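A short write-up of the structure that comes next.
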Amino acid sequence: MSGQGGQDAKFFQRGKIQEFRAELHAAESKDKKFQKRKIVLKKIVANITMGNDMSALFTDVVHCLAIPSLEIKKMVYLFLISYGRTKADQIHLVIPSFLQDCSDRNPLIRALAIRTMSYIPIPVVLEALTDQLRHCLKDRDPYVRKTAAICVAKLYTADPRKAERGGFVELLRDLMLDTNATVVSNAVAALSEIGDRQDGVIFKLNLTVANKLLAALPESSEWGQIYILDSLLRYVPEKHEDAELMAERVIVQLSHANSAVILTTIKILLYLMNYMENRKLIDYICKKMGPPLVTLLSSGPEVQYVALRNILLIIQRRPSVLKNDVKVFFCKYNDPIYVKLAKLEIMYRLAREENAREVLAELQEYASEVDVDFVRKAVRSIGRLAIKVQPAADSCIQALLSLIETKVSYVVQEAVIVIKDVFRRYPGKYEGIIPTLCEHLDLLDEPESKAAMVWIVGQFANRIDNADELMDDLTYSFLDEPTEVQLALLTAAVKLFIYKAQSDTSKALVHKVLKLATEEVDNPDLRDRGFMYWRLLAINPGIAGEIVLAEKPAITTDADRMDRGALDQLLLHTGSLGSIYHKNPETFIRNAAGKALTDSPALNAFSRQVLVSAARNIPPTVIHVPGPGPPDGPRKSEPAVSPESALLSPRPIPAAGSNSELIDISGTQTQEDTAEDGEGEAEDEYAPTPTSAADPYANLDNAFGGYIADEPRPQMNDLLFRAL
Amino acid sequence: MAIDGLIILDATGRPIIQSGFRSNTPAYPLLHIDALNNAISKSSRPDDVDPVLYVSGASTEASSACCHVKHGELRFLSPVSGDMDPLYAFAFLQTFINILQEYFGPISAETLKDNFDVVYQLLEETLDAGGHPLTTSPNALRDIVLPPSFLTKVLSVAGVSGLASPSANSHPFASPIPWRKAGVRYNNNEIYFDVLETLQAVVNKNGTPAVSSVWGRVDCNCKLSGTPDLLLTFSNSQNLNDACFHPCVRLQRWARDRTLSFVPPDGHFELMKYRYAPASTTTQHQVSVPFALRVAAINIDENGGTFDLALTSRLTTRPLENVSVELFLGDGAAGANCVASHNASWNFDPKTLNLRWEIKSLPPSSTFSLRGSFTSNTKNPRPARAFRILFEIIQHSFSALKIEQLKLTGEQYKPYKGMRGRSTGDVEWRW
C-alpha cells in the first residue's frame, strides 16, 4: 500500500456504493497478491475519511477479512471500527474471524483483533472479547499485553459491572507489576481511566506499588511516564519521609524534553510538598521547579500559554518559585495576545519593591502599543502595581498622569478606573490630581470608567469646587445611562448632598436624581437603592451622612489572591483544563471526578487547615474567575446583590469573589455602597419616626408609591418576580 | 488522560485527514472544526485565537476543549473532552508533526493528500482510537510503517512484497531499547552534532537590553552500528542552564556530573535543549546583542511619516548574515519609499503592512542605513513601537559550546564525530 506513496491523492474522489461493490467483486478474479482488492479498499477507506457513508458495503468488505494480508486486514478493521456499531444485526458474521485472529501467530494481528473488538460495544462482540481479553492480558508478547490493558478500559466503559465481575480490574492491577515498562504504563493508564469515572472503582496506590511504578519510569516512553507520574496523585503518603523520598526520585524528570512530562512532574512535586516537613527540601524543590517552567517558555505560543496559566497558579501557592525571574515574562511585541495577557498577569504577581521599577518601565512601554485590549490591561496593571507596592506608588501615579495626557480615550478611561482604587488604598495622598482627572471628563464614554469618575466626584465632593456643576452635567442624561453609571450617580448625588447640604443646587440635584431613580426607572436594584437613600435622608440626614460616608475598608491586594484551599485543589489539576480556566473541572467537564487533597498523618498542618474535601461527597466549590474559558454556571452568590456576604465576611472582599483578574471594581464599588446603605443594625431605625418639622423630606411620603415606609413587602415581592 | 483524536485542516479550514473519533458522535469533530473556523474568522489576527478553545456543547456534559497548533498553512487540532493536560495534546501534536516531517520532509496539504495512506497508517500506529499515544519513536515506527521512499516504490513494483510490507517478517518492538532500531549496520560510523543557538532579546529605547536570553539546541545525526553507548562531555557545560534532554539521555548522570550518557536513536534526533547564561555577574546573565540600531528619527505626520535608521554591526570578525529589519507601519499604511545604502533591499508588504529591510550580509563593524517615508490612509498612523530584527551568524555559537570528549562503549569501532555551530537571533528593538 505504501508502494503507491505519493500518488494516492486520486483516491480522494467521491465514489458510488454500487461502483465500489462491483469493483470489489470484479477484483476477486485473477487478483495477484490481492493488489486489485487492496486498491478498491483503499478507495473505500478514503471515502470513509472524507465522511461519506460506506456502511452499505458492510457484507462485501467483511468478506475480505479472509484474505491473509495484514494491510487488507487493517483496512477492513478500520471499516469495522467505523460502522460496526451501527450494524448490530450483521456483526455476528465477523465474530469467527475475530476469534481466529485472536489466536494468530503474529502478535500484531492478535493485538489488532482485540483492539478492534473493544471499539464495537455490542453485547455479542463484548461477550467474545471477554474470553479473548483474559488470554491476551497474559500473552507472552508485550505488544499484545499493552494493547489488552487499554482494551480493558474500553470494556469497562461499555459495561462496568461485566468488567468487574470478570475480574479484569484485578488482572490490570497485576499488570502494573509486569516486567515490561510499556505494559506497566498502559495498565496504569487504563486503571486511571477507570478510576476517573464517577461510577468506577476507586484506584489508589500504596507505597510498594508506587515504588514499583517509579522503577518503571526510566524505561517508559514519554507518554507512559506521564501516565505513571499522574497516577502518583493516587498515592497518599503516610509519613513525611515517604513523600520526601519520592520527590527526590521524581525530580530528575524535570529535565525531560517533553513539556507534558515536565508539567506533570511539577504537579506531583507540588502535591507531595503538601505532605513534607523538611523545609530545606521544600525550598530546594521550589528552586528546581523554576528553570523547567522557564524552558517551557521557549516553546511555541500554545505551550507557552498553557505554561503561563499554570505558572500563575503555582506562584500564588509557592511564591518562591520564579521569584527573581520577572524579566522572563516581559512581553514581546509579536507575542500573540493570549500570551501577552497571561504574561502581564504574572508580571504583576511577581512585582516587588526590588523589581517594581523595571516592571513599571515595561508596563509604560506596553501602554503605548497598538492593541487596545493589551494597552488597557497594561494601564490597569500600573494602577494595581501602585496598590500592591507602596514605594512604587508615586512613580506609578506619575506614569498614569502622563498616560492621561495622551488623551487617547481608552487609555484615559482605564487610568480613571484604577486611580479610583489608588485613592482608596492611599487615602489623603493623591487627591491633588483630581482636577486633572476632571479635565478629561468628556473622554469617558464607557460605563465602568464613567462610574469610577462619578464615584470620585461624589466621594471627594468636598474637595472639588465645582462638584455640583459637574454632577449636574453628569446627571443630565441620567435616564440614558447604563445601570452601573446610574447607581454610581445616585450614590454620588447623595454624597454631594451630605457634603453640601446648604447648597441649593445639590439639594435640587439629589431630589431630581432620587425622583428619577424611583419613578422613571424600571431596574429594581436602582429603584430599591433610591428608596433606601430617600428614607435614610428622610429619617435622619445626620446619621445618613455617617452611613453613606462611613470609613471604607482599605483595599488590599490580599483580596485578589485565591483562596488557599481552592488553590491547593486546583493545583492537583496542574496542567489540565482546570488549570487553564482556573476552575475545578467537575464544574465544566463531562465525567470529571473532583480531586482533593487526602488527609493523612503526613499532611502538613498548613495544608490541612484549608483542606477541601472531594466533590464526590459535597457540591463542588465554584471559583469564579473572569478570563478565558467556559461561562460560569449559575452563580451561587452575586456579590452585588447580596450585601450580607460582605457584611458578614471578616475580609473586605469575600474570598469566593476574589479573582486573579484585575480587582473587580464594579463588584467592590456596588458591594461597599450597598453595604453602607444596608448597614445591618440600622434596620430598626427604619421604623417610622414621627416626622419632625425640621425634616426637609417630611412631605415626600407619596414618593413611596402609597406604601408606608415600614411595609415595603409588596415591593419586595415585585422585586423577586422581576429578578426571576 | 487521553485526547479524543486528531484533525488536520488545510489553509481554508477544511479537514484533510482526521482520526476515527470512535467514542464520539459523528458531529463531534465537525463541532470542533466549526468552532475553530469561527474563532479564526472572528479574530482580527488569526494567530490570536486562544490555543485551548472552549467548545460548548448542548450541556456541560457535552462540552469540550479544542487544542490547536498552526504548522505552516496547516492547522492540527486535537479535541479533548476529559479533564486532561492540554500540554499532553500539544506535545502529541508536535510529535506527530515531527514524525510527518521525518517521513515526508516539509509538509503541506499536498504532501499529506499524496501520502494519505501512509499518514493514516502513522495515525493508527501513533494514536489508538481511545486517544492514547502508542508508538511515537521514529526508529520503532519505521519498522511498522515504511516511509514512501524511492526504494519501497522499486520494491513494490518489482513485486518483492515481503520487503514492502515490513511487519510480515521483521518483528516490531524486537529492540530492547524502545527508541533504537536493533541490528543497525554502517560502513562508516559517524555522528554529527549541530548546535543551533537563538538569541531572543528585547532592547529598550536607550539601547540596553530589557531581556536577552540564548536558547540552544543540539541536533544529532547518528550513523553508528550496533548498540553504541556514548559518553559526551562538553568543555564549558557549567554555562548550560535549564537543560532538557531526549528520553535516551540518562538524567541521573547529568544531575551528578553534567555529562551526557546515552544510547542514541538511529538517524536524526534532538539531543538536548538548553539556555545559555554567561557566568560573569557583571552582565547580569545577559548576552549582548551583536548589533546596534540607531533610530535617528521617526516623524509621524497626518498622512504618513518619515524615518532614518542606521544598523551597525558590533561583531569584529564575522559578518551578520540574512539580516531583516521589520516594522509594522500601522493600520491603513498604504506604501513606502526608501533609500537603502550598500545596495541592500527593502520592500513593503501591503498584506501584513510590514516594511522590511533586508541585508544579505553585514560585514564586521560596518554601518548600513535606510532612509525614507511612508504614506497611510488613516490620520496620524500608529506604527509598531518596536522593530523586529532577525539575523544569522554562521559558524558561531554564543556559548562557544565545545565537545571535550566522546567516549564509546559497547562496540568495537572508533566513530568519526563532527560538530558545527550556527546562531540566529530574533531581537525586538524599541524606539
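Chain identifiers are assigned as A, B, and so on, following the order in which chains appear in the C-alpha cells; residues are numbered from 1 within each chain, and ligands are numbered from 1 in order of appearance.
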Residues at most 8 Å from stretch 353-370 of chain A, counting only C-alpha atoms, excluding those fewer than 6 positions away in the same chain, as a PDB file with N, CA, C and O atoms, in the first residue's frame?
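What ended up in out16.pdb:
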ATOM      1  N   VAL A 326      11.293  37.809  36.952  1.00  0.00           N
ATOM      2  CA  VAL A 326      10.211  38.570  36.333  1.00  0.00           C
ATOM      3  C   VAL A 326      10.540  38.930  34.884  1.00  0.00           C
ATOM      4  O   VAL A 326       9.669  38.981  34.023  1.00  0.00           O
ATOM      5  N   PHE A 330       8.591  39.398  30.423  1.00  0.00           N
ATOM      6  CA  PHE A 330       8.369  40.625  29.666  1.00  0.00           C
ATOM      7  C   PHE A 330       7.811  40.249  28.291  1.00  0.00           C
ATOM      8  O   PHE A 330       8.246  39.283  27.675  1.00  0.00           O
ATOM      9  N   MET A 347       3.589  39.119  35.562  1.00  0.00           N
ATOM     10  CA  MET A 347       4.488  40.234  35.907  1.00  0.00           C
ATOM     11  C   MET A 347       3.969  40.965  37.142  1.00  0.00           C
ATOM     12  O   MET A 347       4.719  41.325  38.032  1.00  0.00           O
ATOM     13  N   ARG A 376      -5.098  48.423  27.543  1.00  0.00           N
ATOM     14  CA  ARG A 376      -5.987  48.593  28.697  1.00  0.00           C
ATOM     15  C   ARG A 376      -5.473  47.812  29.908  1.00  0.00           C
ATOM     16  O   ARG A 376      -5.384  48.340  31.008  1.00  0.00           O
ATOM     17  N   ALA A 378      -2.524  46.820  30.451  1.00  0.00           N
ATOM     18  CA  ALA A 378      -1.253  47.375  30.906  1.00  0.00           C
ATOM     19  C   ALA A 378      -1.505  48.571  31.812  1.00  0.00           C
ATOM     20  O   ALA A 378      -0.899  48.708  32.876  1.00  0.00           O
ATOM     21  N   VAL A 379      -2.426  49.441  31.394  1.00  0.00           N
ATOM     22  CA  VAL A 379      -2.719  50.624  32.205  1.00  0.00           C
ATOM     23  C   VAL A 379      -3.274  50.191  33.561  1.00  0.00           C
ATOM     24  O   VAL A 379      -2.866  50.690  34.611  1.00  0.00           O
ATOM     25  N   SER A 381      -2.719  47.475  35.056  1.00  0.00           N
ATOM     26  CA  SER A 381      -1.662  46.869  35.853  1.00  0.00           C
ATOM     27  C   SER A 381      -0.811  47.930  36.532  1.00  0.00           C
ATOM     28  O   SER A 381      -0.304  47.709  37.632  1.00  0.00           O
ATOM     29  N   ILE A 382      -0.639  49.066  35.883  1.00  0.00           N
ATOM     30  CA  ILE A 382       0.129  50.134  36.528  1.00  0.00           C
ATOM     31  C   ILE A 382      -0.562  50.534  37.830  1.00  0.00           C
ATOM     32  O   ILE A 382       0.068  50.679  38.874  1.00  0.00           O
ATOM     33  N   LEU A 385      -0.194  47.908  40.399  1.00  0.00           N
ATOM     34  CA  LEU A 385       1.161  47.932  40.933  1.00  0.00           C
ATOM     35  C   LEU A 385       1.260  48.987  42.033  1.00  0.00           C
ATOM     36  O   LEU A 385       1.857  48.760  43.089  1.00  0.00           O
ATOM     37  N   VAL A 389       2.543  47.674  45.586  1.00  0.00           N
ATOM     38  CA  VAL A 389       3.890  48.014  46.057  1.00  0.00           C
ATOM     39  C   VAL A 389       3.912  49.487  46.452  1.00  0.00           C
ATOM     40  O   VAL A 389       4.043  50.368  45.613  1.00  0.00           O
ATOM     41  N   GLN A 390       3.813  49.721  47.741  1.00  0.00           N
ATOM     42  CA  GLN A 390       3.676  51.091  48.204  1.00  0.00           C
ATOM     43  C   GLN A 390       4.811  52.014  47.754  1.00  0.00           C
ATOM     44  O   GLN A 390       4.556  53.117  47.286  1.00  0.00           O
ATOM     45  N   PRO A 391       6.078  51.580  47.877  1.00  0.00           N
ATOM     46  CA  PRO A 391       7.157  52.505  47.494  1.00  0.00           C
ATOM     47  C   PRO A 391       7.101  52.914  46.026  1.00  0.00           C
ATOM     48  O   PRO A 391       7.683  53.927  45.653  1.00  0.00           O
ATOM     49  N   ALA A 392       6.422  52.129  45.211  1.00  0.00           N
ATOM     50  CA  ALA A 392       6.385  52.453  43.787  1.00  0.00           C
ATOM     51  C   ALA A 392       5.173  53.308  43.435  1.00  0.00           C
ATOM     52  O   ALA A 392       5.019  53.729  42.287  1.00  0.00           O
ATOM     53  N   CYS A 396       4.147  55.273  39.892  1.00  0.00           N
ATOM     54  CA  CYS A 396       3.014  54.732  39.133  1.00  0.00           C
ATOM     55  C   CYS A 396       2.001  55.829  38.830  1.00  0.00           C
ATOM     56  O   CYS A 396       1.474  55.919  37.721  1.00  0.00           O
ATOM     57  N   ALA A 399       3.192  57.932  36.149  1.00  0.00           N
ATOM     58  CA  ALA A 399       3.031  57.251  34.865  1.00  0.00           C
ATOM     59  C   ALA A 399       1.585  57.357  34.386  1.00  0.00           C
ATOM     60  O   ALA A 399       1.321  57.640  33.213  1.00  0.00           O
ATOM     61  N   LEU A 403       0.017  59.210  31.063  1.00  0.00           N
ATOM     62  CA  LEU A 403      -0.826  58.478  30.111  1.00  0.00           C
ATOM     63  C   LEU A 403      -2.126  59.241  29.860  1.00  0.00           C
ATOM     64  O   LEU A 403      -2.629  59.285  28.737  1.00  0.00           O
ATOM     65  N   VAL A 411      -7.218  54.769  27.005  1.00  0.00           N
ATOM     66  CA  VAL A 411      -6.147  54.849  27.999  1.00  0.00           C
ATOM     67  C   VAL A 411      -6.632  55.672  29.195  1.00  0.00           C
ATOM     68  O   VAL A 411      -6.488  55.268  30.349  1.00  0.00           O
TER      69      VAL A 411
ATOM     70  N   ARG B 382      -0.341  54.840  13.551  1.00  0.00           N
ATOM     71  CA  ARG B 382       0.422  54.400  14.729  1.00  0.00           C
ATOM     72  C   ARG B 382       1.234  53.162  14.377  1.00  0.00           C
ATOM     73  O   ARG B 382       0.754  52.046  14.510  1.00  0.00           O
ATOM     74  N   PRO B 383       2.464  53.368  13.930  1.00  0.00           N
ATOM     75  CA  PRO B 383       3.314  52.207  13.637  1.00  0.00           C
ATOM     76  C   PRO B 383       3.669  51.481  14.927  1.00  0.00           C
ATOM     77  O   PRO B 383       3.506  52.032  16.014  1.00  0.00           O
ATOM     78  N   ALA B 384       4.138  50.241  14.771  1.00  0.00           N
ATOM     79  CA  ALA B 384       4.531  49.471  15.945  1.00  0.00           C
ATOM     80  C   ALA B 384       5.628  50.201  16.701  1.00  0.00           C
ATOM     81  O   ALA B 384       6.406  50.950  16.117  1.00  0.00           O
ATOM     82  N   ARG B 385       5.681  49.946  17.983  1.00  0.00           N
ATOM     83  CA  ARG B 385       6.669  50.629  18.810  1.00  0.00           C
ATOM     84  C   ARG B 385       8.012  49.913  18.789  1.00  0.00           C
ATOM     85  O   ARG B 385       8.916  50.292  19.519  1.00  0.00           O
TER      86      ARG B 385
END
Counting only C-alpha atoms, what is within 10 Å of B:Gln252, bar same-chain residues fewer than 5 positions away, as a ChimeraX atom specification?
-> /A:218,249,251-253,255 /B:257-261
Sel. of strand (DSSP E or B) residues, stretch 277-406 of chain B, as a VMD selection string = chain B and resid 291 to 301 304 to 313 320 to 328 333 to 340 345 to 349 354 to 362 367 to 376 386 to 394 403 to 406
Excluding same-chain residues fewer than 3 positions from stretch 66-76 of chain A, what lies within 9 Å of it counting only C-alpha atoms, as an NGL selection string?
-> (:A and (1 or 33-34 or 37-38 or 41-42 or 45 or 61-63 or 79-81 or 97 or 108-109 or 112)) or (:B and (121 or 165 or 167-168))
Could you tell me which of A:Val40, A:Ile346, A:Asp525, A:Asp242 comes closest to A:Ala27 if we count only C-alpha atoms?
-> A:Val40
Please provide as a PDB file with all heavy atoms, in the first residue's frame all residues within 9 Å of A:Ala451, with the sequence filter that same-chain residues fewer than 5 positions apart are discarded (counting only C-alpha atoms).
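Wrote it out as result-v4.pdb, contents follow:
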ATOM      1  N   ILE A 417     -10.243  54.399  36.040  1.00  0.00           N
ATOM      2  CA  ILE A 417     -10.750  53.252  36.795  1.00  0.00           C
ATOM      3  C   ILE A 417      -9.754  52.828  37.881  1.00  0.00           C
ATOM      4  O   ILE A 417     -10.139  52.582  39.025  1.00  0.00           O
ATOM      5  CB  ILE A 417     -11.044  52.075  35.846  1.00  0.00           C
ATOM      6  CG1 ILE A 417     -12.211  52.435  34.934  1.00  0.00           C
ATOM      7  CG2 ILE A 417     -11.364  50.825  36.629  1.00  0.00           C
ATOM      8  CD1 ILE A 417     -12.409  51.487  33.784  1.00  0.00           C
ATOM      9  N   GLU A 446     -17.420  54.993  28.559  1.00  0.00           N
ATOM     10  CA  GLU A 446     -17.757  53.612  28.890  1.00  0.00           C
ATOM     11  C   GLU A 446     -18.284  53.557  30.318  1.00  0.00           C
ATOM     12  O   GLU A 446     -17.824  54.301  31.172  1.00  0.00           O
ATOM     13  CB  GLU A 446     -16.514  52.720  28.781  1.00  0.00           C
ATOM     14  CG  GLU A 446     -16.140  52.447  27.351  1.00  0.00           C
ATOM     15  CD  GLU A 446     -14.734  51.928  27.237  1.00  0.00           C
ATOM     16  OE1 GLU A 446     -14.250  51.335  28.217  1.00  0.00           O
ATOM     17  OE2 GLU A 446     -14.133  52.134  26.172  1.00  0.00           O
ATOM     18  N   ILE A 456     -15.571  59.105  42.145  1.00  0.00           N
ATOM     19  CA  ILE A 456     -14.544  60.042  42.622  1.00  0.00           C
ATOM     20  C   ILE A 456     -15.173  61.397  42.925  1.00  0.00           C
ATOM     21  O   ILE A 456     -14.956  61.985  43.979  1.00  0.00           O
ATOM     22  CB  ILE A 456     -13.417  60.172  41.574  1.00  0.00           C
ATOM     23  CG1 ILE A 456     -12.671  58.839  41.436  1.00  0.00           C
ATOM     24  CG2 ILE A 456     -12.453  61.292  41.966  1.00  0.00           C
ATOM     25  CD1 ILE A 456     -11.632  58.824  40.341  1.00  0.00           C
ATOM     26  N   GLU A 484     -25.036  50.671  35.712  1.00  0.00           N
ATOM     27  CA  GLU A 484     -23.824  50.836  36.510  1.00  0.00           C
ATOM     28  C   GLU A 484     -23.575  52.307  36.821  1.00  0.00           C
ATOM     29  O   GLU A 484     -23.282  52.690  37.952  1.00  0.00           O
ATOM     30  CB  GLU A 484     -22.668  50.251  35.694  1.00  0.00           C
ATOM     31  CG  GLU A 484     -21.412  50.030  36.469  1.00  0.00           C
ATOM     32  CD  GLU A 484     -20.326  49.474  35.559  1.00  0.00           C
ATOM     33  OE1 GLU A 484     -20.636  49.076  34.416  1.00  0.00           O
ATOM     34  OE2 GLU A 484     -19.178  49.455  35.993  1.00  0.00           O
ATOM     35  N   VAL A 485     -23.722  53.139  35.778  1.00  0.00           N
ATOM     36  CA  VAL A 485     -23.484  54.571  35.952  1.00  0.00           C
ATOM     37  C   VAL A 485     -24.617  55.200  36.759  1.00  0.00           C
ATOM     38  O   VAL A 485     -24.383  56.043  37.622  1.00  0.00           O
ATOM     39  CB  VAL A 485     -23.345  55.250  34.571  1.00  0.00           C
ATOM     40  CG1 VAL A 485     -23.106  56.741  34.735  1.00  0.00           C
ATOM     41  CG2 VAL A 485     -22.228  54.602  33.782  1.00  0.00           C
ATOM     42  N   GLN A 486     -25.827  54.748  36.508  1.00  0.00           N
ATOM     43  CA  GLN A 486     -26.970  55.296  37.257  1.00  0.00           C
ATOM     44  C   GLN A 486     -26.801  55.060  38.752  1.00  0.00           C
ATOM     45  O   GLN A 486     -27.016  55.961  39.563  1.00  0.00           O
ATOM     46  CB  GLN A 486     -28.271  54.650  36.772  1.00  0.00           C
ATOM     47  CG  GLN A 486     -28.695  55.134  35.390  1.00  0.00           C
ATOM     48  CD  GLN A 486     -29.941  54.431  34.894  1.00  0.00           C
ATOM     49  OE1 GLN A 486     -30.162  53.260  35.215  1.00  0.00           O
ATOM     50  NE2 GLN A 486     -30.737  55.114  34.100  1.00  0.00           N
ATOM     51  N   LEU A 487     -26.392  53.853  39.095  1.00  0.00           N
ATOM     52  CA  LEU A 487     -26.181  53.535  40.512  1.00  0.00           C
ATOM     53  C   LEU A 487     -25.123  54.453  41.107  1.00  0.00           C
ATOM     54  O   LEU A 487     -25.281  54.995  42.202  1.00  0.00           O
ATOM     55  CB  LEU A 487     -25.750  52.077  40.666  1.00  0.00           C
ATOM     56  CG  LEU A 487     -26.841  51.020  40.506  1.00  0.00           C
ATOM     57  CD1 LEU A 487     -26.233  49.641  40.358  1.00  0.00           C
ATOM     58  CD2 LEU A 487     -27.803  51.041  41.681  1.00  0.00           C
ATOM     59  N   ALA A 488     -24.043  54.635  40.351  1.00  0.00           N
ATOM     60  CA  ALA A 488     -22.969  55.482  40.847  1.00  0.00           C
ATOM     61  C   ALA A 488     -23.453  56.916  40.990  1.00  0.00           C
ATOM     62  O   ALA A 488     -23.137  57.596  41.966  1.00  0.00           O
ATOM     63  CB  ALA A 488     -21.775  55.407  39.899  1.00  0.00           C
ATOM     64  N   LEU A 489     -24.220  57.374  40.018  1.00  0.00           N
ATOM     65  CA  LEU A 489     -24.737  58.748  40.061  1.00  0.00           C
ATOM     66  C   LEU A 489     -25.626  58.953  41.279  1.00  0.00           C
ATOM     67  O   LEU A 489     -25.545  59.977  41.965  1.00  0.00           O
ATOM     68  CB  LEU A 489     -25.520  59.051  38.787  1.00  0.00           C
ATOM     69  CG  LEU A 489     -24.681  59.390  37.547  1.00  0.00           C
ATOM     70  CD1 LEU A 489     -25.558  59.433  36.312  1.00  0.00           C
ATOM     71  CD2 LEU A 489     -23.958  60.717  37.733  1.00  0.00           C
ATOM     72  N   SER A 666     -16.242  47.104  39.769  1.00  0.00           N
ATOM     73  CA  SER A 666     -17.686  47.234  39.831  1.00  0.00           C
ATOM     74  C   SER A 666     -18.198  46.468  41.043  1.00  0.00           C
ATOM     75  O   SER A 666     -19.056  46.929  41.769  1.00  0.00           O
ATOM     76  CB  SER A 666     -18.310  46.696  38.566  1.00  0.00           C
ATOM     77  OG  SER A 666     -18.013  45.326  38.454  1.00  0.00           O
TER      78      SER A 666
END
Write out as a ChimeraX atom specification which residues come within 6 Å of B:Ser225 when counting only C-alpha atoms, dropping same-chain ones fewer than 5 positions away.
-> /B:184-186
Written selection (all heavy atoms) as a JSON list (two decimals), in the first residue's frame:
[["chain", "number", "residue", "atom", "x", "y", "z"],
["B", 184, "VAL", "N", 21.37, -2.30, 13.48],
["B", 184, "VAL", "CA", 21.76, -1.28, 12.51],
["B", 184, "VAL", "C", 23.22, -1.51, 12.12],
["B", 184, "VAL", "O", 24.06, -1.82, 12.96],
["B", 184, "VAL", "CB", 21.61, 0.14, 13.12],
["B", 184, "VAL", "CG1", 21.87, 1.19, 12.08],
["B", 184, "VAL", "CG2", 20.23, 0.29, 13.72],
["B", 185, "ARG", "N", 23.53, -1.36, 10.81],
["B", 185, "ARG", "CA", 24.92, -1.53, 10.35],
["B", 185, "ARG", "C", 25.31, -0.39, 9.45],
["B", 185, "ARG", "O", 24.56, -0.01, 8.56],
["B", 185, "ARG", "CB", 25.08, -2.84, 9.56],
["B", 185, "ARG", "CG", 25.13, -4.08, 10.42],
["B", 185, "ARG", "CD", 26.55, -4.33, 10.98],
["B", 185, "ARG", "NE", 26.47, -5.18, 12.15],
["B", 185, "ARG", "CZ", 26.65, -4.74, 13.41],
["B", 185, "ARG", "NH1", 26.93, -3.47, 13.63],
["B", 185, "ARG", "NH2", 26.57, -5.56, 14.43],
["B", 186, "TYR", "N", 26.48, 0.19, 9.67],
["B", 186, "TYR", "CA", 27.02, 1.22, 8.78],
["B", 186, "TYR", "C", 28.46, 0.86, 8.45],
["B", 186, "TYR", "O", 29.16, 0.26, 9.28],
["B", 186, "TYR", "CB", 27.01, 2.59, 9.46],
["B", 186, "TYR", "CG", 25.63, 3.19, 9.60],
["B", 186, "TYR", "CD1", 24.96, 3.11, 10.81],
["B", 186, "TYR", "CD2", 25.03, 3.84, 8.54],
["B", 186, "TYR", "CE1", 23.69, 3.66, 10.95],
["B", 186, "TYR", "CE2", 23.76, 4.40, 8.67],
["B", 186, "TYR", "CZ", 23.10, 4.30, 9.88],
["B", 186, "TYR", "OH", 21.85, 4.85, 10.01]]
Picked from stretch 126-331 of chain A by DSSP as alpha helix (DSSP H), as number ranges by chain | A: 126-136, 142-158, 160-165, 168-175, 181-196, 207-216, 222-231, 240-250, 259-273, 279-296, 301-317
Could you give me, as a list of chain:residue names, the residues within 9 Å of stretch 264-269 of chain B, counting only C-alpha atoms and dropping anything in the same chain fewer than 5 positions from it?
-> B:Glu102, B:Ser137, B:Pro138, B:Asn139, B:Ile177, B:Pro178, B:Trp179, B:Arg180, B:Lys181, B:Val184, B:Val218, B:Asp219, B:Cys220, B:Asn221, B:Cys222, B:Lys223, B:Leu224, B:Ser225, B:Thr227, B:Pro228, B:Asp229, B:Leu230, B:His246, B:Cys248, B:Val249
